[in-house]
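J.: Pasting upload.cif below, which is mmCIF, C-alpha atoms.
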```cif
data_final
#
loop_
_atom_site.label_atom_id
_atom_site.label_comp_id
_atom_site.auth_asym_id
_atom_site.auth_seq_id
_atom_site.Cartn_x
_atom_site.Cartn_y
_atom_site.Cartn_z
CA MET A 13 92.24 139.24 170.43
CA LYS A 14 88.70 138.83 171.76
CA THR A 15 88.25 136.84 174.97
CA PHE A 16 85.52 135.34 177.15
CA PHE A 17 84.75 138.87 178.34
CA ASP A 18 83.78 139.75 174.76
CA LEU A 19 81.83 136.50 174.48
CA LYS A 20 79.81 137.57 177.50
CA GLN A 21 79.03 140.95 175.94
CA GLU A 22 78.41 139.90 172.33
CA VAL A 23 76.78 136.50 172.74
CA ILE A 24 75.66 135.61 176.26
CA ALA A 25 74.23 139.01 177.24
CA ARG A 26 72.31 139.18 173.94
CA GLY A 27 70.72 135.76 174.44
CA LEU A 28 72.62 134.21 171.53
CA CYS A 29 74.44 131.51 173.52
CA HIS A 30 73.47 128.03 172.31
CA GLY A 31 74.68 126.40 175.52
CA CYS A 32 76.71 123.91 173.46
CA GLY A 33 79.42 123.75 176.13
CA GLY A 34 82.33 124.03 173.70
CA CYS A 35 84.04 126.93 175.46
CA VAL A 36 83.79 125.28 178.90
CA THR A 37 84.89 121.89 177.55
CA PHE A 38 88.05 123.24 175.95
CA CYS A 39 88.95 125.38 178.96
CA THR A 40 88.49 122.41 181.29
CA ALA A 41 90.26 119.89 179.05
CA ILE A 42 93.51 121.85 179.06
CA ASN A 43 93.26 122.42 182.81
CA TYR A 44 92.67 126.16 182.78
CA GLY A 45 89.34 125.67 184.57
CA ALA A 46 88.44 129.32 184.25
CA LEU A 47 84.92 128.61 183.00
CA LYS A 48 81.93 126.60 184.16
CA MET A 49 78.53 125.69 182.78
CA GLU A 50 75.58 126.62 184.94
CA GLU A 51 72.36 124.60 185.21
CA ASP A 52 70.72 126.95 182.71
CA HIS A 53 73.33 125.86 180.10
CA VAL A 54 74.99 129.27 180.16
CA PRO A 55 78.81 129.45 180.53
CA ARG A 56 80.21 131.75 183.19
CA TYR A 57 83.51 132.41 184.90
CA ARG A 58 84.47 129.81 187.48
CA SER A 59 87.60 131.79 188.29
CA VAL A 60 88.44 135.04 186.55
CA GLU A 61 92.00 134.77 187.89
CA LYS A 62 92.56 131.51 185.97
CA CYS A 63 91.52 133.01 182.63
CA ILE A 64 94.61 133.71 180.52
CA ASP A 65 92.63 135.64 177.86
CA CYS A 66 93.76 133.25 175.11
CA GLY A 67 90.60 133.99 173.13
CA LEU A 68 90.11 130.41 171.97
CA CYS A 69 86.68 130.19 173.64
CA TYR A 70 85.58 133.10 171.46
CA LEU A 71 86.94 131.54 168.28
CA ILE A 72 85.12 128.22 168.71
CA CYS A 73 81.73 129.72 169.63
CA PRO A 74 79.15 128.73 166.97
CA ALA A 75 77.30 132.02 167.46
CA VAL A 76 80.16 134.11 166.05
CA GLY A 77 81.53 134.08 162.53
CA GLU A 78 85.18 133.45 163.38
CA LEU A 79 86.68 130.43 161.56
CA ASP A 80 83.54 129.89 159.46
CA GLU A 81 85.45 130.01 156.17
CA GLN A 82 88.06 127.55 157.37
CA VAL A 83 85.45 125.13 158.71
CA ASN A 84 83.49 125.40 155.46
CA ARG A 85 86.61 124.45 153.50
CA ASN A 86 87.43 121.59 155.85
CA VAL A 87 84.03 119.93 155.49
CA GLY A 88 83.41 120.88 151.87
CA TRP A 89 80.34 122.92 152.75
CA SER A 90 78.24 124.33 149.92
CA ALA A 91 75.03 126.31 149.74
CA PRO A 92 72.18 126.10 150.40
CA MET A 93 72.31 123.46 153.18
CA GLY A 94 75.74 121.89 153.20
CA ARG A 95 77.32 119.09 151.23
CA ILE A 96 74.95 116.25 150.26
CA LEU A 97 76.32 113.03 148.77
CA GLN A 98 73.29 110.85 149.34
CA VAL A 99 69.93 110.75 151.10
CA SER A 100 68.24 107.61 152.39
CA VAL A 101 65.53 106.41 154.74
CA ALA A 102 66.77 103.74 157.13
CA ARG A 103 65.97 101.94 160.35
CA ALA A 104 67.67 99.48 162.66
CA THR A 105 67.32 95.82 161.70
CA ASP A 106 67.02 95.03 165.42
CA LYS A 107 63.39 95.48 166.47
CA ASN A 108 64.36 96.01 170.11
CA ILE A 109 66.38 99.05 169.10
CA ARG A 110 63.55 100.35 166.91
CA ASP A 111 61.08 100.04 169.77
CA ARG A 112 63.34 102.01 172.07
CA ALA A 113 64.46 104.68 169.61
CA THR A 114 62.76 107.98 168.81
CA ASP A 115 62.47 107.33 165.05
CA GLY A 116 63.92 104.26 163.36
CA GLY A 117 66.94 103.75 165.58
CA ALA A 118 69.39 104.40 162.74
CA VAL A 119 71.76 106.44 164.91
CA THR A 120 71.89 103.83 167.68
CA SER A 121 72.28 100.98 165.21
CA LEU A 122 75.11 102.69 163.32
CA LEU A 123 76.91 103.53 166.57
CA LEU A 124 76.69 99.90 167.65
CA HIS A 125 78.00 98.76 164.27
CA LEU A 126 81.01 101.08 164.53
CA PHE A 127 81.63 100.01 168.12
CA ASP A 128 81.40 96.27 167.35
CA SER A 129 83.75 96.61 164.39
CA GLY A 130 86.33 98.46 166.48
CA ARG A 131 86.08 101.71 164.54
CA ILE A 132 85.09 103.60 167.68
CA ASP A 133 85.72 102.91 171.34
CA GLY A 134 82.94 105.17 172.57
CA ALA A 135 80.30 107.69 171.63
CA ILE A 136 79.20 111.03 173.03
CA VAL A 137 75.43 111.00 173.09
CA SER A 138 72.70 112.27 175.40
CA LYS A 139 70.72 110.21 177.84
CA GLN A 140 67.27 110.74 179.26
CA THR A 141 67.13 111.45 183.00
CA HIS A 142 64.41 112.93 185.19
CA GLU A 143 66.05 116.32 184.53
CA GLY A 144 65.82 115.96 180.76
CA ARG A 145 68.50 115.08 178.24
CA GLN A 146 71.98 114.96 179.75
CA PRO A 147 75.39 114.50 178.05
CA TRP A 148 76.64 110.91 178.24
CA LEU A 149 79.93 109.27 177.28
CA ALA A 150 78.94 105.77 176.20
CA THR A 151 81.80 103.26 176.31
CA SER A 152 79.88 99.97 175.95
CA ARG A 153 77.03 98.48 173.92
CA ASP A 154 74.72 98.78 176.90
CA ASP A 155 75.62 102.45 177.30
CA ILE A 156 74.81 103.18 173.66
CA ILE A 157 71.48 101.35 173.80
CA ALA A 158 70.55 103.06 177.08
CA ALA A 159 70.86 106.46 175.40
CA ALA A 160 68.40 105.64 172.58
CA GLY A 161 65.17 107.59 172.32
CA SER A 162 63.43 110.15 174.51
CA HIS A 163 61.74 107.98 177.11
CA PHE A 164 60.07 108.51 180.47
CA ASP A 165 59.54 105.61 182.84
CA ALA A 166 56.96 105.88 185.62
CA MET A 167 59.35 107.36 188.18
CA GLN A 168 60.80 109.88 185.76
CA GLY A 169 57.32 110.93 184.73
CA VAL A 170 56.32 111.71 188.29
CA LEU A 171 59.56 113.49 189.11
CA GLN A 172 59.18 115.45 185.90
CA LEU A 173 56.21 117.34 187.25
CA GLY A 174 58.33 119.10 189.83
CA GLU A 175 61.58 119.65 187.95
CA LYS A 176 62.75 121.46 184.88
CA TYR A 177 62.75 119.50 181.64
CA SER A 178 64.75 120.35 178.55
CA THR A 179 64.87 118.74 175.11
CA TYR A 180 68.42 120.06 174.85
CA SER A 181 71.58 118.35 176.06
CA PRO A 182 74.95 120.21 176.09
CA SER A 183 76.73 117.15 174.72
CA ALA A 184 80.02 118.93 174.05
CA GLN A 185 80.58 118.92 177.81
CA ALA A 186 81.06 115.15 177.72
CA LEU A 187 84.18 115.70 175.61
CA GLY A 188 86.06 116.49 178.80
CA SER A 189 85.90 112.84 179.87
CA LEU A 190 87.92 111.71 176.86
CA MET A 191 91.19 112.96 178.24
CA SER A 192 90.98 111.12 181.56
CA GLN A 193 89.77 107.87 179.99
CA GLY A 194 92.31 107.80 177.18
CA LEU A 195 89.72 107.33 174.44
CA ARG A 196 90.94 108.13 170.94
CA LYS A 197 88.18 106.97 168.57
CA ILE A 198 84.88 108.64 169.38
CA ALA A 199 81.64 109.28 167.52
CA PHE A 200 80.05 112.59 168.49
CA VAL A 201 76.25 112.88 168.28
CA GLY A 202 74.88 116.38 168.66
CA THR A 203 72.74 119.25 167.48
CA PRO A 204 73.88 121.56 164.67
CA CYS A 205 75.38 124.16 167.03
CA GLN A 206 77.30 121.50 168.95
CA ILE A 207 78.68 120.00 165.75
CA LYS A 208 79.82 123.42 164.58
CA SER A 209 81.56 124.20 167.87
CA VAL A 210 83.55 120.95 167.81
CA ARG A 211 84.36 121.43 164.11
CA LYS A 212 85.88 124.78 165.08
CA MET A 213 87.98 123.04 167.73
CA GLN A 214 89.04 120.58 165.04
CA ALA A 215 90.04 123.41 162.71
CA LEU A 216 92.34 124.77 165.41
CA LYS A 217 93.56 121.27 166.32
CA LEU A 218 92.43 121.76 169.90
CA VAL A 219 92.04 118.96 172.41
CA PRO A 220 89.89 117.03 172.91
CA SER A 221 88.44 117.30 169.39
CA ASN A 222 91.34 115.21 168.04
CA ALA A 223 89.59 112.12 169.42
CA ILE A 224 86.42 112.69 167.38
CA LYS A 225 86.38 110.45 164.31
CA PHE A 226 82.70 110.63 163.32
CA TYR A 227 80.26 113.54 163.54
CA PHE A 228 76.59 112.54 163.67
CA GLY A 229 74.25 115.54 163.45
CA LEU A 230 70.59 115.68 164.45
CA PHE A 231 67.91 117.66 162.62
CA CYS A 232 66.90 120.51 164.89
CA THR A 233 64.03 122.94 164.41
CA SER A 234 64.41 124.19 167.98
CA ASN A 235 64.97 122.95 171.48
CA PHE A 236 62.65 123.67 174.36
CA ASP A 237 63.09 124.39 178.05
CA LEU A 238 60.14 123.58 180.28
CA ASP A 239 60.19 124.80 183.86
CA ASP A 240 57.28 124.11 186.22
CA ASP A 241 54.97 126.79 184.81
CA LYS A 242 55.74 125.94 181.17
CA THR A 243 55.31 122.23 181.86
CA HIS A 244 51.86 122.86 183.29
CA THR A 245 50.99 124.95 180.23
CA LEU A 246 52.10 122.10 177.95
CA GLU A 247 50.08 119.58 179.96
CA GLU A 248 46.97 121.75 179.64
CA MET A 249 47.50 122.05 175.89
CA ALA A 250 48.03 118.31 175.51
CA GLY A 251 45.32 117.20 177.93
CA CYS A 252 47.71 114.85 179.74
CA THR A 253 50.50 114.92 182.29
CA MET A 254 54.16 114.18 181.75
CA ALA A 255 53.62 111.07 183.85
CA ASP A 256 51.52 109.74 180.95
CA VAL A 257 54.32 110.25 178.41
CA GLU A 258 56.54 107.41 177.26
CA LYS A 259 58.41 109.09 174.42
CA ILE A 260 58.81 112.55 172.90
CA ASN A 261 59.50 113.19 169.23
CA ILE A 262 59.92 116.42 167.29
CA LYS A 263 59.26 116.44 163.55
CA GLU A 264 56.89 118.86 161.85
CA ASP A 265 55.09 118.92 165.21
CA PHE A 266 55.91 118.30 168.88
CA MET A 267 54.69 114.75 169.46
CA LEU A 268 53.93 113.14 172.80
CA ASN A 269 53.65 109.36 172.62
CA LEU A 270 51.63 108.18 175.59
CA LYS A 271 51.93 104.93 177.51
CA ASP A 272 48.38 103.98 176.50
CA GLY A 273 49.37 104.03 172.81
CA ARG A 274 47.91 107.41 171.91
CA GLN A 275 49.94 110.14 170.23
CA ILE A 276 49.25 113.83 170.88
CA THR A 277 50.65 116.36 168.42
CA ILE A 278 51.12 120.06 169.08
CA PRO A 279 52.18 122.50 166.33
CA LEU A 280 55.68 123.79 167.01
CA GLN A 281 54.56 127.40 166.69
CA ASP A 282 52.24 126.85 169.65
CA LEU A 283 55.29 126.04 171.79
CA ASP A 284 57.04 129.32 171.10
CA PHE A 285 56.67 130.20 174.79
CA ALA A 286 59.08 127.37 175.67
CA ARG A 287 61.58 127.76 172.83
CA ARG A 288 65.18 128.34 173.88
CA ASP A 289 66.07 131.94 173.03
CA ALA A 290 69.29 131.08 171.19
CA CYS A 291 67.41 128.72 168.87
CA ARG A 292 65.62 131.72 167.39
CA PHE A 293 68.94 132.92 165.96
CA CYS A 294 70.26 129.55 164.72
CA ASP A 295 70.06 129.02 160.95
CA ASP A 296 71.14 125.35 160.74
CA PHE A 297 68.32 122.81 160.66
CA SER A 298 69.99 119.74 159.16
CA ALA A 299 73.41 119.70 160.90
CA GLU A 300 75.26 120.90 157.82
CA TYR A 301 78.74 120.26 159.26
CA ALA A 302 78.22 116.60 160.16
CA ASP A 303 79.44 113.45 158.41
CA LEU A 304 75.90 112.09 158.61
CA SER A 305 72.70 113.93 159.55
CA PHE A 306 69.64 112.19 160.99
CA GLY A 307 66.03 113.03 161.72
CA GLY A 308 62.43 111.99 161.38
CA LEU A 309 61.40 114.71 158.93
CA GLY A 310 60.36 113.33 155.54
CA ALA A 311 60.43 109.71 156.73
CA ASP A 312 57.55 107.38 157.52
CA HIS A 313 56.79 106.64 161.16
CA GLY A 314 59.42 104.30 162.56
CA TRP A 315 62.07 105.27 160.01
CA THR A 316 64.98 107.72 160.04
CA ALA A 317 65.93 110.17 157.31
CA VAL A 318 69.70 110.06 156.71
CA VAL A 319 71.78 112.67 154.86
CA VAL A 320 75.28 111.48 153.93
CA ARG A 321 77.64 114.46 153.81
CA SER A 322 81.22 113.14 153.71
CA ALA A 323 83.21 110.24 152.26
CA LEU A 324 83.80 108.99 155.79
CA GLY A 325 80.10 109.05 156.55
CA ARG A 326 79.26 107.34 153.27
CA ALA A 327 81.73 104.51 153.98
CA ALA A 328 80.34 103.94 157.48
CA PHE A 329 76.76 103.98 156.25
CA ALA A 330 77.49 101.63 153.35
CA ASP A 331 79.26 99.15 155.61
CA ALA A 332 76.29 99.04 157.99
CA ARG A 333 73.71 98.42 155.24
CA GLU A 334 72.03 95.06 155.50
CA LYS A 335 74.16 94.26 158.56
CA SER A 336 72.54 96.53 161.08
CA LEU A 337 70.55 98.96 158.92
CA GLU A 338 67.55 98.33 156.70
CA ILE A 339 67.16 100.82 153.83
CA GLN A 340 63.90 101.75 152.15
CA SER A 341 64.21 100.81 148.51
CA ILE A 342 63.69 103.50 145.88
CA ASP A 343 62.06 100.80 143.72
CA ASP A 344 59.41 100.23 146.39
CA HIS A 345 59.09 103.95 147.18
CA PRO A 346 59.55 105.90 143.91
CA GLY A 347 60.63 109.49 144.41
CA ILE A 348 61.44 109.03 148.09
CA ASP A 349 64.89 110.62 147.69
CA ALA A 350 63.54 113.68 145.91
CA GLY A 351 60.74 114.05 148.44
CA LEU A 352 63.20 113.76 151.29
CA ILE A 353 65.48 116.45 149.92
CA THR A 354 62.49 118.73 149.30
CA ALA A 355 61.24 118.35 152.89
CA ILE A 356 64.67 118.96 154.41
CA MET A 357 65.34 121.86 152.06
CA GLN A 358 62.08 123.56 153.03
CA SER A 359 62.75 123.24 156.75
CA SER A 360 66.28 124.52 156.22
CA LYS A 361 65.00 127.54 154.30
CA ASN A 362 62.44 128.28 157.00
CA LYS A 363 65.00 128.17 159.77
CA LYS A 364 67.46 130.37 157.88
CA LYS A 365 64.69 132.85 157.09
CA ASN A 366 63.52 133.00 160.70
CA ALA A 367 67.08 133.42 161.96
CA GLY A 368 67.65 136.19 159.44
CA ASN A 369 64.53 138.02 160.60
CA MET A 370 65.74 137.83 164.21
CA THR A 371 69.09 139.42 163.39
CA LYS A 372 67.63 142.36 161.46
#
```
In structure tokens, write the structure found in this file.
T.:
Amino acid sequence: MKTFFDLKQEVIARGLCHGCGGCVTFCTAINYGALKMEEDHVPRYRSVEKCIDCGLCYLICPAVGELDEQVNRNVGWSAPMGRILQVSVARATDKNIRDRATDGGAVTSLLLHLFDSGRIDGAIVSKQTHEGRQPWLATSRDDIIAAAGSHFDAMQGVLQLGEKYSTYSPSAQALGSLMSQGLRKIAFVGTPCQIKSVRKMQALKLVPSNAIKFYFGLFCTSNFDLDDDKTHTLEEMAGCTMADVEKINIKEDFMLNLKDGRQITIPLQDLDFARRDACRFCDDFSAEYADLSFGGLGADHGWTAVVVRSALGRAAFADAREKSLEIQSIDDHPGIDAGLITAIMQSSKNKKKNAGNMTK
């Protein structure tokens, strides 16, 4: 049986670790406490003596192929980019949510709908802080709304200049709070690698994945880490400072929405210097293991592309329609569904191709 020692050699040492936090979360949740997550989102031993070499951390790592067949069966995965029951373009009916959100606020609005109807008692999301996106266990309406969008207020913008910023949040780490708070109905919002890690926990029936009832995946081309030097490089490219930025969005390009109303776009390939190394090896763009996948790609400004992947996701989405979600009509936008699938398919192919080239 392979253990965390093997994970260090095969994944972490080779720069393949996604920093999803799954291994640390599981180890902490069952009170082994052998592992810890460092500030650079890399898991390491907290106490070698506490490690019992159970090997479960290795099994649930999204960077290794263990359990892939079982997870694929569990979620009904099919080539080329996972199960697709329906595609739509949606946005929150609440303008306040739309104004705060990165795209159309569909994720926030759907979370609020599930919370208000009693179908969840919390959500694992990420929240903007002056250090970047951080994992957040939201247990109230205000918590959920506070996590919407990628925003910078004036203080955060100034602090940003002197501290590391990351577009990535190791949201799986927030799973550890479920045990102590007794929460049993949670929606998990995360990147493709995070979704896959928790799905592996689910396949093994490991705590605390048993509390996850809904999996919301986010489209992900790459995530970026910006230390002081890289932040200054980005500012020179954009012709602004991070103090000028109100919101960040990543679609076909890296978009900086400024407080004066301007939007500055930078091609993603120009930000290769800041790309997280593990993202170069990831082949999942559209969160193929989620119940619902969300992103801005293929949708008009202010709207969210939604891919429905499971019966559970379809039921939740259908129940929220017209109550908290506004859907773009195919009658008013002929061919929008086909165009959406084409755009997502192309980005998925590109990411799989790039990942394949990296592993050769």
J.: Rank A:Glu78, A:Asp115, A:Asp296, A:Glu338 by their smallest atom-to-atom distance to Met267 of chain A, using only C-alpha atoms, and report the top residue only.
T.: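 Of A:Glu78, A:Asp115, A:Asp296, A:Glu338, the one nearest Met267 of chain A is A:Asp115, counting only C-alpha atoms.
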J.: Excluding same-chain residues fewer than 4 positions from segment 308-317 of chain A, what lies within 12 Å of it counting all atoms listed in the file, as a PyMOL selection string?
T.: chain A and resi 98-105+107+109-122+161+229-233+261-267+275+297-298+304+337-340+345+347-360
J.: Quick one: residues within 7 Å of Gly134 of chain A, all atoms listed in the file counted, chain neighbours fewer than 4 positions away excluded, as JSON, numbers by chain?
T.: {"A": [127, 149, 150, 151, 152, 197, 198, 199]}
J.: Figure out the distance between atom CA of Phe285 of chain A and atom CA of Cys73 of chain A, please, to one decimal in Å.
T.: 25.6 Å
J.: So what do you get for atom CA of Tyr301 of chain A versus atom CA of Pro279 of chain A, distance-wise?
T.: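 Taking atom CA of Tyr301 of chain A and atom CA of Pro279 of chain A, their separation equals 27.6 Å.
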J.: Provide the atom CA of Val83 of chain A to atom CA of Ala332 of chain A distance in Å, to one decimal place.
T.: 27.7 Å
J.: Counting only C-alpha atoms, which residue out of A:Val137, A:Ile224, A:Ala75, A:Leu324 sits closest to Ala367 of chain A?
T.: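 Ranking A:Val137, A:Ile224, A:Ala75, A:Leu324 by distance to Ala367 of chain A, first place goes to A:Ala75.
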J.: For Ser336 of chain A, which residue among A:Ala91, A:Asp106, A:Thr203, A:Asn366 is the nearest when counting all atoms listed in the file?
T.: A:Asp106
J.: In terms of the shortest atom-to-atom distance over all atoms listed in the file, which of A:Ile96, A:Ala286, A:Cys252, A:Cys63 is closest to Ala302 of chain A?
T.: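 Among the listed residues, the smallest separation from Ala302 of chain A belongs to A:Ile96.
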J.: To verify the selection step, state as a ChimeraX atom specification which residues the PyMOL selection byres ((chain A and resi 218) around 12) yields on this input.
T.: /A:34-35,37-39,41-42,68-69,71-72,187,209-217,219-224
J.: Just the selected residues (C-alpha atoms), exported as a PDB file, in the frame of the given file, please.
T.:
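The resulting part.pdb:
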```pdb
ATOM      1  CA  GLY A  34      82.330 124.030 173.700  1.00  0.00           C
ATOM      2  CA  CYS A  35      84.040 126.930 175.460  1.00  0.00           C
ATOM      3  CA  THR A  37      84.890 121.890 177.550  1.00  0.00           C
ATOM      4  CA  PHE A  38      88.050 123.240 175.950  1.00  0.00           C
ATOM      5  CA  CYS A  39      88.950 125.380 178.960  1.00  0.00           C
ATOM      6  CA  ALA A  41      90.260 119.890 179.050  1.00  0.00           C
ATOM      7  CA  ILE A  42      93.510 121.850 179.060  1.00  0.00           C
ATOM      8  CA  LEU A  68      90.110 130.410 171.970  1.00  0.00           C
ATOM      9  CA  CYS A  69      86.680 130.190 173.640  1.00  0.00           C
ATOM     10  CA  LEU A  71      86.940 131.540 168.280  1.00  0.00           C
ATOM     11  CA  ILE A  72      85.120 128.220 168.710  1.00  0.00           C
ATOM     12  CA  LEU A 187      84.180 115.700 175.610  1.00  0.00           C
ATOM     13  CA  SER A 209      81.560 124.200 167.870  1.00  0.00           C
ATOM     14  CA  VAL A 210      83.550 120.950 167.810  1.00  0.00           C
ATOM     15  CA  ARG A 211      84.360 121.430 164.110  1.00  0.00           C
ATOM     16  CA  LYS A 212      85.880 124.780 165.080  1.00  0.00           C
ATOM     17  CA  MET A 213      87.980 123.040 167.730  1.00  0.00           C
ATOM     18  CA  GLN A 214      89.040 120.580 165.040  1.00  0.00           C
ATOM     19  CA  ALA A 215      90.040 123.410 162.710  1.00  0.00           C
ATOM     20  CA  LEU A 216      92.340 124.770 165.410  1.00  0.00           C
ATOM     21  CA  LYS A 217      93.560 121.270 166.320  1.00  0.00           C
ATOM     22  CA  VAL A 219      92.040 118.960 172.410  1.00  0.00           C
ATOM     23  CA  PRO A 220      89.890 117.030 172.910  1.00  0.00           C
ATOM     24  CA  SER A 221      88.440 117.300 169.390  1.00  0.00           C
ATOM     25  CA  ASN A 222      91.340 115.210 168.040  1.00  0.00           C
ATOM     26  CA  ALA A 223      89.590 112.120 169.420  1.00  0.00           C
ATOM     27  CA  ILE A 224      86.420 112.690 167.380  1.00  0.00           C
TER      28      ILE A 224
END
```
J.: Can you spell out as an MDAnalysis selection string the set of residues that the PyMOL selection byres ((chain A and resi 28) around 10) selects in the structure I just provided?
T.: chainID A and resid 19:20 22:27 29:31 74:76 288:294
J.: With a distance cut-off of 12 Å and only C-alpha atoms, select the neighbouring residues of Arg274 of chain A, excluding the residue or stretch itself and same-chain residues fewer than 4 positions from it, and output the selection as a list of chain:residue names.
T.: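 Result of the neighbour search: A:Ala250, A:Gly251, A:Cys252, A:Asp256, A:Val257, A:Glu258, A:Lys259, A:Met267, A:Leu268, A:Asn269, A:Leu270.
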J.: Quick one: write out the picked residues with C-alpha atoms as a PDB file, keeping the file's coordinate frame?
T.:
```pdb
ATOM      1  CA  ALA A 250      48.030 118.310 175.510  1.00  0.00           C
ATOM      2  CA  GLY A 251      45.320 117.200 177.930  1.00  0.00           C
ATOM      3  CA  CYS A 252      47.710 114.850 179.740  1.00  0.00           C
ATOM      4  CA  ASP A 256      51.520 109.740 180.950  1.00  0.00           C
ATOM      5  CA  VAL A 257      54.320 110.250 178.410  1.00  0.00           C
ATOM      6  CA  GLU A 258      56.540 107.410 177.260  1.00  0.00           C
ATOM      7  CA  LYS A 259      58.410 109.090 174.420  1.00  0.00           C
ATOM      8  CA  MET A 267      54.690 114.750 169.460  1.00  0.00           C
ATOM      9  CA  LEU A 268      53.930 113.140 172.800  1.00  0.00           C
ATOM     10  CA  ASN A 269      53.650 109.360 172.620  1.00  0.00           C
ATOM     11  CA  LEU A 270      51.630 108.180 175.590  1.00  0.00           C
TER      12      LEU A 270
END
```
J.: Carefully work through the PyMOL selection byres ((chain A and resi 53-56) around 8) for this structure and note down the residues it includes, as an mmCIF file with C-alpha atoms, keeping the file's coordinate frame.
T.:
```cif
data_model
loop_
_atom_site.group_PDB
_atom_site.id
_atom_site.type_symbol
_atom_site.label_atom_id
_atom_site.label_comp_id
_atom_site.auth_asym_id
_atom_site.auth_seq_id
_atom_site.Cartn_x
_atom_site.Cartn_y
_atom_site.Cartn_z
ATOM 1 C CA ILE A 24 75.660 135.610 176.260
ATOM 2 C CA CYS A 29 74.440 131.510 173.520
ATOM 3 C CA GLY A 31 74.680 126.400 175.520
ATOM 4 C CA CYS A 32 76.710 123.910 173.460
ATOM 5 C CA GLY A 33 79.420 123.750 176.130
ATOM 6 C CA CYS A 35 84.040 126.930 175.460
ATOM 7 C CA VAL A 36 83.790 125.280 178.900
ATOM 8 C CA LEU A 47 84.920 128.610 183.000
ATOM 9 C CA LYS A 48 81.930 126.600 184.160
ATOM 10 C CA MET A 49 78.530 125.690 182.780
ATOM 11 C CA GLU A 50 75.580 126.620 184.940
ATOM 12 C CA GLU A 51 72.360 124.600 185.210
ATOM 13 C CA ASP A 52 70.720 126.950 182.710
ATOM 14 C CA TYR A 57 83.510 132.410 184.900
ATOM 15 C CA ARG A 58 84.470 129.810 187.480
ATOM 16 C CA PRO A 182 74.950 120.210 176.090
#
```
J.: Nearest to Asp128 of chain A among A:Lys242, A:Lys208, A:Lys335, A:Lys363, with distances taken over only C-alpha atoms: which residue is it?
T.: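 Looking only at the distances to Asp128 of chain A, the closest residue turns out to be A:Lys335.
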J.: Given the choices A:Asp303, A:Glu81, A:Glu247, A:Glu334, which gets closest to Val318 of chain A if the distance is worked out from all atoms listed in the file?
T.: A:Asp303
J.: Would you output segment 353-366 of chain A from that structure, restricted to N, CA and C atoms, as a compact mmCIF listing (two decimals), in the first residue's frame?
T.:
```
# COMPACT_ATOMS: atom_id res chain seq x y z
N ILE A 353 -21.94 24.63 -25.70
CA ILE A 353 -21.26 23.34 -25.67
C ILE A 353 -19.98 23.38 -26.49
N THR A 354 -20.04 24.05 -27.64
CA THR A 354 -18.85 24.16 -28.50
C THR A 354 -17.71 24.88 -27.79
N ALA A 355 -18.03 25.98 -27.13
CA ALA A 355 -17.01 26.77 -26.43
C ALA A 355 -16.39 25.97 -25.28
N ILE A 356 -17.23 25.30 -24.51
CA ILE A 356 -16.73 24.52 -23.38
C ILE A 356 -15.93 23.32 -23.88
N MET A 357 -16.42 22.70 -24.94
CA MET A 357 -15.73 21.55 -25.51
C MET A 357 -14.33 21.94 -25.99
N GLN A 358 -14.21 23.09 -26.64
CA GLN A 358 -12.92 23.51 -27.16
C GLN A 358 -11.93 23.79 -26.03
N SER A 359 -12.40 24.45 -24.97
CA SER A 359 -11.51 24.72 -23.84
C SER A 359 -11.11 23.43 -23.14
N SER A 360 -12.05 22.48 -23.07
CA SER A 360 -11.74 21.19 -22.48
C SER A 360 -10.68 20.45 -23.30
N LYS A 361 -10.85 20.46 -24.60
CA LYS A 361 -9.87 19.80 -25.48
C LYS A 361 -8.49 20.44 -25.32
N ASN A 362 -8.47 21.76 -25.27
CA ASN A 362 -7.18 22.46 -25.15
C ASN A 362 -6.47 22.09 -23.85
N LYS A 363 -7.25 22.04 -22.77
CA LYS A 363 -6.62 21.73 -21.48
C LYS A 363 -6.12 20.29 -21.45
N LYS A 364 -6.90 19.37 -22.00
CA LYS A 364 -6.47 17.98 -22.02
C LYS A 364 -5.22 17.82 -22.91
N LYS A 365 -5.20 18.53 -24.01
CA LYS A 365 -4.04 18.45 -24.91
C LYS A 365 -2.80 19.00 -24.22
N ASN A 366 -2.93 20.14 -23.58
CA ASN A 366 -1.78 20.75 -22.91
C ASN A 366 -1.27 19.86 -21.77
```
